[in-house]
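Content type mmCIF, C-alpha atoms and all ligand atoms, from the file model20.cif:
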```
data_coords
loop_
_atom_site.label_atom_id
_atom_site.label_comp_id
_atom_site.auth_asym_id
_atom_site.auth_seq_id
_atom_site.Cartn_x
_atom_site.Cartn_y
_atom_site.Cartn_z
CA MET A 298 -29.85 19.50 0.38
CA SER A 299 -31.08 19.25 -3.24
CA GLU A 300 -29.43 16.80 -5.62
CA GLU A 301 -28.03 19.72 -7.61
CA THR A 302 -26.44 21.35 -4.53
CA SER A 303 -24.99 18.05 -3.38
CA GLY A 304 -23.61 17.41 -6.90
CA ARG A 305 -21.94 20.85 -6.90
CA SER A 306 -20.44 20.27 -3.47
CA GLN A 307 -19.02 16.88 -4.58
CA LEU A 308 -17.55 18.53 -7.69
CA ARG A 309 -15.91 21.22 -5.50
CA THR A 310 -14.44 18.54 -3.20
CA LEU A 311 -13.16 16.65 -6.25
CA LEU A 312 -11.53 19.75 -7.75
CA ARG A 313 -9.93 20.71 -4.42
CA PHE A 314 -8.60 17.16 -4.04
CA GLY A 315 -7.24 17.16 -7.63
CA MET A 316 -5.48 20.51 -7.14
CA GLN A 317 -3.93 19.34 -3.85
CA LYS A 318 -2.60 16.19 -5.52
CA LEU A 319 -1.20 18.17 -8.43
CA ARG A 320 0.65 20.49 -6.02
CA GLN A 321 1.99 17.58 -3.95
CA GLU A 322 3.00 15.17 -6.71
CA GLY A 323 4.14 17.62 -9.36
CA PHE A 324 2.80 17.71 -12.91
CA ALA A 325 4.84 14.76 -14.30
CA SER A 326 3.83 12.30 -11.54
CA PHE A 327 0.23 13.52 -11.64
CA VAL A 328 -0.01 12.80 -15.38
CA LYS A 329 1.92 9.51 -15.06
CA GLY A 330 -0.46 8.39 -12.30
CA GLY A 331 -3.48 9.31 -14.47
CA ILE A 332 -2.19 7.30 -17.44
CA GLU A 333 -1.42 4.33 -15.22
CA HIS A 334 -4.91 4.61 -13.71
CA VAL A 335 -6.59 4.42 -17.13
CA ARG A 336 -4.32 1.54 -18.21
CA ARG A 337 -5.10 -0.49 -15.08
CA LEU A 338 -8.84 0.06 -15.35
CA SER A 339 -8.90 -2.19 -18.40
CA VAL A 340 -6.76 -4.97 -16.92
CA PRO A 341 -8.00 -6.79 -13.84
CA LYS A 342 -11.82 -6.40 -13.96
CA GLU A 343 -12.58 -10.01 -14.99
CA ALA A 344 -9.85 -11.33 -12.71
CA GLN A 345 -11.36 -9.33 -9.85
CA SER A 346 -14.89 -10.63 -10.40
CA ALA A 347 -13.61 -14.20 -10.72
CA PHE A 348 -11.70 -13.71 -7.48
CA ASP A 349 -14.76 -12.35 -5.66
CA ARG A 350 -16.92 -15.17 -6.97
CA ARG A 351 -14.42 -17.75 -5.80
CA TYR A 352 -13.93 -16.28 -2.31
CA GLY A 353 -17.41 -14.79 -1.83
CA THR A 354 -15.76 -11.44 -1.15
CA ASP A 355 -16.10 -7.80 -2.17
CA THR A 356 -12.80 -6.42 -3.47
CA ALA A 357 -13.81 -4.95 -6.82
CA GLY A 358 -14.33 -1.34 -7.85
CA THR A 359 -12.52 1.95 -7.82
CA ILE A 360 -13.33 4.29 -4.94
CA PRO A 361 -12.00 7.84 -4.81
CA LEU A 362 -10.87 8.78 -1.32
CA TRP A 363 -12.91 12.00 -1.23
CA LYS A 364 -15.98 9.77 -0.89
CA LEU A 365 -14.64 8.18 2.30
CA GLN A 366 -14.33 9.31 5.91
CA ILE A 367 -10.61 9.48 6.60
CA ARG A 368 -9.13 11.04 9.71
CA SER A 369 -5.58 11.71 8.71
CA PRO A 370 -3.55 14.82 7.92
CA HIS A 371 -2.26 12.78 4.95
CA HIS A 372 -5.67 12.27 3.40
CA ALA A 373 -4.90 14.30 0.27
CA GLU A 374 -1.72 12.34 -0.42
CA GLY A 375 -3.58 9.04 -0.55
CA VAL A 376 -4.38 7.28 -3.81
CA ARG A 377 -7.93 6.07 -4.55
CA TYR A 378 -8.88 2.49 -3.78
CA GLN A 379 -8.37 0.00 -6.56
CA ALA A 380 -7.38 -3.60 -6.01
CA SER A 381 -4.29 -5.28 -7.40
CA ASP A 382 -4.53 -8.06 -9.95
CA PRO A 383 -4.54 -11.26 -7.81
CA ASP A 384 -2.27 -13.10 -10.26
CA PHE A 385 0.26 -10.30 -10.08
CA VAL A 386 0.30 -10.56 -6.27
CA ARG A 387 0.85 -14.34 -6.46
CA LYS A 388 3.70 -13.86 -8.92
CA ALA A 389 5.27 -11.17 -6.73
CA ILE A 390 5.22 -13.44 -3.68
CA GLU A 391 6.55 -16.48 -5.54
CA ILE A 392 9.35 -14.66 -7.34
CA LEU A 393 11.01 -13.70 -4.04
CA GLN A 394 11.89 -17.35 -3.36
CA ILE A 395 12.21 -16.90 0.38
CA PRO A 396 11.12 -19.12 3.32
CA LEU A 397 7.70 -17.51 3.76
CA GLU A 398 7.11 -19.25 7.14
CA ARG A 399 9.66 -16.84 8.61
CA PHE A 400 8.02 -13.69 7.21
CA VAL A 401 5.13 -11.40 8.02
CA TYR A 402 3.36 -10.05 4.92
CA ILE A 403 2.19 -6.45 5.22
CA ASP A 404 0.14 -4.56 2.65
CA VAL A 405 0.48 -0.85 3.37
CA GLY A 406 -2.71 0.79 2.10
CA SER A 407 -4.54 -2.52 2.02
CA GLY A 408 -7.98 -1.22 1.00
CA LYS A 409 -10.59 -3.99 0.90
CA GLY A 410 -7.86 -6.53 1.63
CA LEU A 411 -7.51 -8.34 -1.71
CA THR A 412 -3.76 -8.86 -1.37
CA LEU A 413 -4.25 -10.10 2.22
CA LEU A 414 -6.62 -12.77 0.94
CA VAL A 415 -4.11 -13.75 -1.75
CA ALA A 416 -1.21 -13.78 0.74
CA SER A 417 -3.24 -16.07 3.01
CA GLU A 418 -2.89 -18.76 0.30
CA TYR A 419 0.81 -18.94 1.28
CA PRO A 420 2.42 -20.14 4.50
CA PHE A 421 3.34 -16.68 5.86
CA ARG A 422 3.78 -16.42 9.65
CA ARG A 423 1.29 -13.59 9.66
CA VAL A 424 -0.60 -11.44 7.17
CA LEU A 425 -1.39 -7.83 8.05
CA GLY A 426 -3.09 -4.92 6.31
CA ILE A 427 -2.75 -1.24 7.16
CA GLU A 428 -5.54 0.99 5.88
CA PHE A 429 -6.59 4.51 6.87
CA ALA A 430 -10.14 4.53 5.44
CA ALA A 431 -12.52 3.08 8.03
CA GLU A 432 -15.08 1.90 5.45
CA LEU A 433 -12.45 -0.01 3.44
CA ASN A 434 -10.92 -1.50 6.56
CA ALA A 435 -14.35 -2.77 7.68
CA ILE A 436 -14.88 -4.43 4.28
CA ALA A 437 -11.41 -6.00 4.56
CA ALA A 438 -12.31 -7.45 7.98
CA GLU A 439 -15.55 -8.86 6.54
CA ASN A 440 -13.62 -10.34 3.58
CA ILE A 441 -11.08 -11.95 5.91
CA SER A 442 -13.88 -13.50 7.97
CA ARG A 443 -15.11 -15.26 4.82
CA LEU A 444 -11.87 -17.13 4.24
CA ILE A 445 -12.20 -20.88 4.35
CA ALA A 446 -9.10 -22.86 5.31
CA PRO A 447 -6.38 -20.29 4.48
CA ARG A 448 -2.80 -21.59 4.69
CA CYS A 449 -1.84 -18.69 6.92
CA ARG A 450 -4.26 -18.44 9.84
CA ASP A 451 -3.13 -15.17 11.41
CA ILE A 452 -4.68 -12.52 9.14
CA SER A 453 -5.80 -9.05 10.16
CA SER A 454 -6.36 -5.56 8.87
CA VAL A 455 -5.80 -2.53 11.10
CA LEU A 456 -7.11 0.99 10.79
CA ALA A 457 -3.95 3.10 10.83
CA ASP A 458 -2.04 5.77 8.96
CA ALA A 459 1.05 4.47 7.16
CA ALA A 460 2.84 7.73 7.99
CA SER A 461 2.92 6.95 11.70
CA TYR A 462 2.61 3.18 11.80
CA ARG A 463 5.21 1.38 13.91
CA PHE A 464 6.25 -1.71 11.96
CA PRO A 465 6.95 -5.03 13.72
CA THR A 466 10.50 -6.22 14.25
CA GLU A 467 10.00 -9.39 12.23
CA ASP A 468 11.30 -10.46 8.83
CA THR A 469 8.87 -8.69 6.54
CA VAL A 470 7.52 -8.67 2.99
CA LEU A 471 5.99 -5.24 2.45
CA PHE A 472 3.58 -4.75 -0.42
CA LEU A 473 2.75 -1.31 -1.82
CA TYR A 474 0.41 -0.67 -4.71
CA ASN A 475 1.19 3.01 -5.20
CA PRO A 476 -0.82 3.92 -2.09
CA PHE A 477 0.39 7.47 -1.41
CA GLY A 478 2.69 10.35 -2.32
CA LYS A 479 6.27 11.27 -1.51
CA ASP A 480 5.94 12.63 2.01
CA VAL A 481 4.07 9.65 3.41
CA LEU A 482 6.47 7.31 1.60
CA LYS A 483 9.44 9.09 3.20
CA ARG A 484 7.86 8.97 6.63
CA MET A 485 7.12 5.26 6.20
CA LEU A 486 10.75 4.62 5.21
CA ASP A 487 12.01 6.56 8.24
CA ASN A 488 9.75 4.44 10.45
CA LEU A 489 11.01 1.24 8.83
CA ARG A 490 14.57 2.38 9.25
CA SER A 491 14.21 3.11 12.95
CA VAL A 492 12.65 -0.32 13.54
CA LEU A 493 15.58 -1.91 11.67
CA GLU A 494 18.01 0.09 13.81
CA GLN A 495 16.36 -1.27 16.91
CA ASN A 496 16.31 -4.85 15.67
CA ASP A 497 17.88 -5.52 12.27
CA HIS A 498 16.02 -8.07 10.17
CA GLU A 499 15.21 -9.00 6.59
CA LEU A 500 12.88 -6.78 4.63
CA TYR A 501 11.54 -7.08 1.09
CA ILE A 502 9.48 -4.33 -0.49
CA VAL A 503 7.37 -4.98 -3.60
CA TYR A 504 6.37 -1.56 -4.97
CA SER A 505 3.75 -1.95 -7.69
CA ASN A 506 3.16 1.06 -10.01
CA PRO A 507 6.31 2.55 -8.44
CA ILE A 508 5.82 6.23 -9.22
CA PHE A 509 8.20 7.35 -6.47
CA SER A 510 10.75 4.51 -6.71
CA GLN A 511 13.55 7.10 -6.69
CA ILE A 512 12.88 7.67 -2.99
CA LEU A 513 13.45 3.97 -2.24
CA ASP A 514 16.48 3.90 -4.58
CA GLN A 515 18.03 6.67 -2.48
CA SER A 516 17.02 5.37 0.95
CA GLY A 517 20.53 4.09 1.67
CA PHE A 518 19.30 0.87 3.28
CA LEU A 519 17.51 -0.86 0.40
CA GLU A 520 19.04 -2.74 -2.50
CA ARG A 521 16.97 -2.85 -5.70
CA LEU A 522 16.62 -6.36 -7.11
CA ASP A 523 16.47 -7.07 -10.80
CA LEU A 524 13.45 -9.37 -11.04
CA PRO A 525 11.29 -10.03 -14.11
CA ILE A 526 8.07 -8.58 -12.70
CA GLY A 527 6.33 -5.29 -13.38
CA ALA A 528 7.19 -3.75 -10.03
CA ALA A 529 10.20 -2.30 -8.23
CA VAL A 530 11.46 -4.87 -5.72
CA TYR A 531 13.86 -4.05 -2.87
CA ARG A 532 15.67 -5.97 -0.18
CA HIS A 533 17.30 -5.03 3.07
CA SER A 534 19.40 -7.73 4.61
CA PRO A 535 21.09 -7.37 8.04
CA THR A 536 24.35 -8.71 6.61
CA HIS A 537 24.73 -5.63 4.42
CA GLY A 538 25.22 -3.34 7.42
CA VAL A 539 24.04 -0.27 5.48
CA LEU A 540 22.21 1.07 8.51
CA GLN A 541 25.44 2.66 9.70
CA HIS A 542 24.96 5.51 7.23
CA ASP A 543 22.12 7.76 8.25
CA THR A 544 20.32 8.89 5.12
CA ARG A 545 17.10 9.78 6.90
CA THR A 546 14.86 11.92 4.79
CA HIS A 547 14.40 14.78 7.31
CA ILE A 548 10.95 15.98 6.43
CA HIS A 549 9.93 19.40 7.59
CA VAL A 550 6.40 19.32 8.93
CA VAL A 551 4.49 22.55 9.24
CA GLY A 552 3.36 23.00 12.83
CA GLU A 553 5.99 20.68 14.32
CA ASP A 554 8.74 23.29 14.86
C1 LIG B 601 -4.33 1.67 -4.91
S1 LIG B 601 -5.15 1.17 -3.43
C2 LIG B 601 -4.33 -0.38 -3.11
C3 LIG B 601 -5.21 -1.40 -2.41
C4 LIG B 601 -4.51 -2.71 -2.09
N1 LIG B 601 -3.19 -2.52 -1.56
C5 LIG B 601 -4.41 -3.64 -3.28
O1 LIG B 601 -3.30 -3.71 -3.86
O2 LIG B 601 -5.40 -4.29 -3.64
C6 LIG B 601 -4.35 2.30 -2.25
C7 LIG B 601 -4.91 2.20 -0.83
O3 LIG B 601 -4.03 2.92 0.05
C8 LIG B 601 -4.81 3.52 1.08
N2 LIG B 601 -4.01 4.60 1.69
C9 LIG B 601 -3.62 5.76 1.11
N3 LIG B 601 -2.89 6.51 1.95
C10 LIG B 601 -2.80 5.81 3.12
C11 LIG B 601 -2.17 6.06 4.37
N4 LIG B 601 -1.47 7.19 4.62
N5 LIG B 601 -2.27 5.12 5.33
C12 LIG B 601 -2.98 3.97 5.12
N6 LIG B 601 -3.62 3.69 3.95
C13 LIG B 601 -3.52 4.59 2.95
C14 LIG B 601 -6.05 4.00 0.32
O4 LIG B 601 -7.14 4.23 1.18
C15 LIG B 601 -6.30 2.83 -0.64
O5 LIG B 601 -7.14 1.86 -0.07
#
```
Kindly transcribe the structure held in the file into structure tokens.
Ligand SMILES: C[S@@+](CC[C@H](N)C(=O)[O-])C[C@H]1O[C@@H](n2cnc3c(N)ncnc32)[C@H](O)[C@@H]1O
Amino acid sequence: MSEETSGRSQLRTLLRFGMQKLRQEGFASFVKGGIEHVRRLSVPKEAQSAFDRRYGTDTAGTIPLWKLQIRSPHHAEGVRYQASDPDFVRKAIEILQIPLERFVYIDVGSGKGLTLLVASEYPFRRVLGIEFAAELNAIAAENISRLIAPRCRDISSVLADAASYRFPTEDTVLFLYNPFGKDVLKRMLDNLRSVLEQNDHELYIVYSNPIFSQILDQSGFLERLDLPIGAAVYRHSPTHGVLQHDTRTHIHVVGED
């Protein structure tokens, strides 16, 4: 294939991907996401390089998902890879003021694993990443293997789709950096809810760049906390007993009738 033909084919893929996202997210969210994307591009670059220099890792860069091999029906709903600001992740963990030894930290859409590396600086019981792009997950595994003397020693990243992932029945801090659109978010919440029904436990969700926070606000089992951090933070506590009201999102999936 000539360079020109390959360039045209990449442009077609990009346009198809953009149109799909526009249809799925709606115009307002699409534009909001674009503005946020441009804003973030100018923020953490130096922080990212400093982080990579310190840990000897590779977490930097922005990678559009159309460049990656992803086997998931939810491919088009995914948001491109871009790492969080490490200082933001530290602040988000510290502001919760919870006994971290009791909690598993899970980054849903963990990419190259930056937040897993940051979380390993804290005494979590376990640190886990869920990522559906094989290339990113492999880089995350490589990054984890480079950690020297982390405080948490049980760190892993798994290749899985957040839409169908079965969450553990442990007290959990869930981190989301705007990884995907509404349908996957709803499916993930339904999965979380059914795990809580089976074995109720504490759950915190830190939702950074919370474009679809309304869905979490309306979940019926999460309470939004008012914390001075640029993210939407939620808590589910077994003592609240809100699981008695079923507010499941009932998604209709084409082909599953
Ligand atoms: C904005 S990046 C966030 C990376 C990382 N969480 C961080 O904060 O540094 C979003 C990530 O979510 C992943 N992703 C999107 N949809 C997903 C899905 N359905 N299941 C698993 N990962 C997904 C993308 O591949 C991408 O790596």
Next on the checklist: Any residue with an atom at most 7 Å from ligand LIG 601 (chain B) counts, using all atoms listed in the file. Which are they? Put them as a VMD selection string.
Outcome noted: chain A and resid 362 371 to 372 374 to 381 404 to 412 427 to 430 433 457 to 460 473 to 477 481
Next on the checklist: Need to verify the contact set: Pro465 (chain A), 10 Å, all atoms listed in the file, exclusion of same-chain residues closer than 6 positions in sequence. Can you return it as a count of residues only?
Outcome noted: 6
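Minimum atom-to-atom distance to Ile526 (chain A), evaluated using only C-alpha atoms, belongs to A:Val503 out of A:Ile360, A:Ala435, A:Ile395, A:Val503.
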Item to check | One-decimal distance in Å that lies between CA of Tyr402 (chain A) and CA of Ile436 (chain A) | outcome: 19.1 Å
If we count only C-alpha atoms and set the cut-off at 7 Å, which residues sit around Ser453 (chain A), ignoring sequence neighbours fewer than 3 positions away in its own chain? Please answer as a PDB file with C-alpha atoms, in the coordinates of the input.
```
ATOM      1  CA  VAL A 424      -0.600 -11.440   7.170  1.00  0.00           C
ATOM      2  CA  LEU A 425      -1.390  -7.830   8.050  1.00  0.00           C
ATOM      3  CA  GLY A 426      -3.090  -4.920   6.310  1.00  0.00           C
TER       4      GLY A 426
END
```
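By chain and then residue number, the residues within 12 Å of Gln511 (chain A) are Lys479, Leu482, Lys483, Tyr504, Gly517, Leu519, Arg521, Ala529 and Tyr531 of chain A, counting all atoms listed in the file and disregarding those fewer than 6 positions away in sequence.
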Item to check | Leu444 (chain A) surroundings by all atoms listed in the file, 9 Å radius, close-in-sequence under 5 positions cut, as JSON, numbers by chain | outcome: {"A": [352, 353, 354, 414, 417]}
Hey, can you spit out that residue selection with C-alpha atoms as a PDB file, in the coordinates of the input?
```pdb
ATOM      1  CA  TYR A 352     -13.930 -16.280  -2.310  1.00  0.00           C
ATOM      2  CA  GLY A 353     -17.410 -14.790  -1.830  1.00  0.00           C
ATOM      3  CA  THR A 354     -15.760 -11.440  -1.150  1.00  0.00           C
ATOM      4  CA  LEU A 414      -6.620 -12.770   0.940  1.00  0.00           C
ATOM      5  CA  SER A 417      -3.240 -16.070   3.010  1.00  0.00           C
TER       6      SER A 417
END
```
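Close contacts of Ala347 (chain A), defined as residues with an atom at most 12 Å away when counting only C-alpha atoms, with chain neighbours fewer than 6 positions off set aside, comprise Pro341, Gly353, Thr354, Asp355, Thr356, Ala357, Asp382, Pro383 and Asp384 of chain A.
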Checklist entry - How far is it from CA of Gln345 (chain A) to CA of Ser510 (chain A), in Å with one decimal? => result 26.3 Å
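The space separating CA of His498 (chain A) from CA of Arg399 (chain A) comes to 10.9 Å.
Closest approach to Pro396 (chain A) among A:Glu343, A:Glu432, A:Asp468, A:Asp451: A:Asp468, based on all atoms listed in the file.
For the choices A:Leu471, A:Ala528, A:Met485, A:Ala373, the atom-to-atom distance to Ile502 (chain A) is smallest for A:Leu471 when using only C-alpha atoms.
Between Asn506 (chain A) and the candidates A:Val530, A:Arg490, A:Ile452, A:Leu524, the tightest atom-to-atom separation, counting all atoms listed in the file, involves A:Val530.
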For region 406-479 of chain A in the structure I just supplied, write out C-alpha atoms - as a tab-separated table (two decimals), in the first residue's frame.
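Ended up saving to part_26.tsv:
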```tsv
chain	number	residue	atom	x	y	z
A	406	GLY	CA	-9.66	2.15	31.49
A	407	SER	CA	-6.17	2.11	32.95
A	408	GLY	CA	-4.22	2.67	29.72
A	409	LYS	CA	-0.46	2.54	30.27
A	410	GLY	CA	-1.06	2.21	34.01
A	411	LEU	CA	0.04	5.62	35.31
A	412	THR	CA	-2.58	5.76	38.06
A	413	LEU	CA	-1.70	2.18	39.09
A	414	LEU	CA	1.90	3.24	39.59
A	415	VAL	CA	0.76	6.24	41.63
A	416	ALA	CA	-1.67	4.13	43.69
A	417	SER	CA	1.16	1.70	44.46
A	418	GLU	CA	2.77	4.50	46.51
A	419	TYR	CA	-0.08	3.99	49.02
A	420	PRO	CA	-0.83	1.02	51.27
A	421	PHE	CA	-3.81	-0.32	49.25
A	422	ARG	CA	-4.60	-4.03	49.69
A	423	ARG	CA	-4.42	-4.43	45.95
A	424	VAL	CA	-4.10	-2.25	42.86
A	425	LEU	CA	-5.79	-3.33	39.64
A	426	GLY	CA	-6.14	-1.89	36.14
A	427	ILE	CA	-8.75	-2.81	33.55
A	428	GLU	CA	-7.87	-1.94	29.97
A	429	PHE	CA	-9.32	-3.16	26.67
A	430	ALA	CA	-6.45	-2.17	24.33
A	431	ALA	CA	-3.89	-4.99	24.26
A	432	GLU	CA	-0.97	-2.71	23.35
A	433	LEU	CA	-1.67	-0.34	26.27
A	434	ASN	CA	-2.18	-3.20	28.68
A	435	ALA	CA	1.19	-4.69	27.68
A	436	ILE	CA	2.90	-1.33	28.32
A	437	ALA	CA	1.15	-1.14	31.71
A	438	ALA	CA	2.49	-4.60	32.63
A	439	GLU	CA	6.00	-3.52	31.60
A	440	ASN	CA	5.65	-0.31	33.64
A	441	ILE	CA	4.49	-2.26	36.70
A	442	SER	CA	7.48	-4.60	36.39
A	443	ARG	CA	9.78	-1.57	36.71
A	444	LEU	CA	8.45	-0.54	40.11
A	445	ILE	CA	11.03	-0.58	42.84
A	446	ALA	CA	9.77	-1.10	46.40
A	447	PRO	CA	6.12	-0.02	45.98
A	448	ARG	CA	4.12	0.25	49.21
A	449	CYS	CA	1.40	-1.93	47.75
A	450	ARG	CA	2.91	-5.13	46.36
A	451	ASP	CA	-0.13	-6.65	44.65
A	452	ILE	CA	-0.40	-4.67	41.40
A	453	SER	CA	-1.75	-5.92	38.09
A	454	SER	CA	-3.39	-4.81	34.90
A	455	VAL	CA	-5.87	-7.05	33.09
A	456	LEU	CA	-7.02	-7.01	29.49
A	457	ALA	CA	-10.80	-6.73	29.79
A	458	ASP	CA	-13.80	-4.72	28.68
A	459	ALA	CA	-15.27	-2.52	31.43
A	460	ALA	CA	-18.75	-3.22	30.05
A	461	SER	CA	-18.62	-6.87	31.08
A	462	TYR	CA	-16.03	-6.90	33.85
A	463	ARG	CA	-17.10	-8.61	37.07
A	464	PHE	CA	-15.85	-6.46	39.93
A	465	PRO	CA	-14.47	-8.02	43.14
A	466	THR	CA	-16.53	-8.09	46.30
A	467	GLU	CA	-14.02	-6.05	48.27
A	468	ASP	CA	-14.10	-2.49	49.57
A	469	THR	CA	-13.14	-0.56	46.47
A	470	VAL	CA	-11.83	2.80	45.27
A	471	LEU	CA	-12.72	3.05	41.59
A	472	PHE	CA	-10.92	5.59	39.44
A	473	LEU	CA	-12.31	6.77	36.11
A	474	TYR	CA	-10.67	9.34	33.88
A	475	ASN	CA	-13.52	9.81	31.43
A	476	PRO	CA	-12.76	6.45	29.79
A	477	PHE	CA	-15.96	5.81	27.83
A	478	GLY	CA	-19.48	6.91	26.89
A	479	LYS	CA	-22.90	6.51	28.45
```
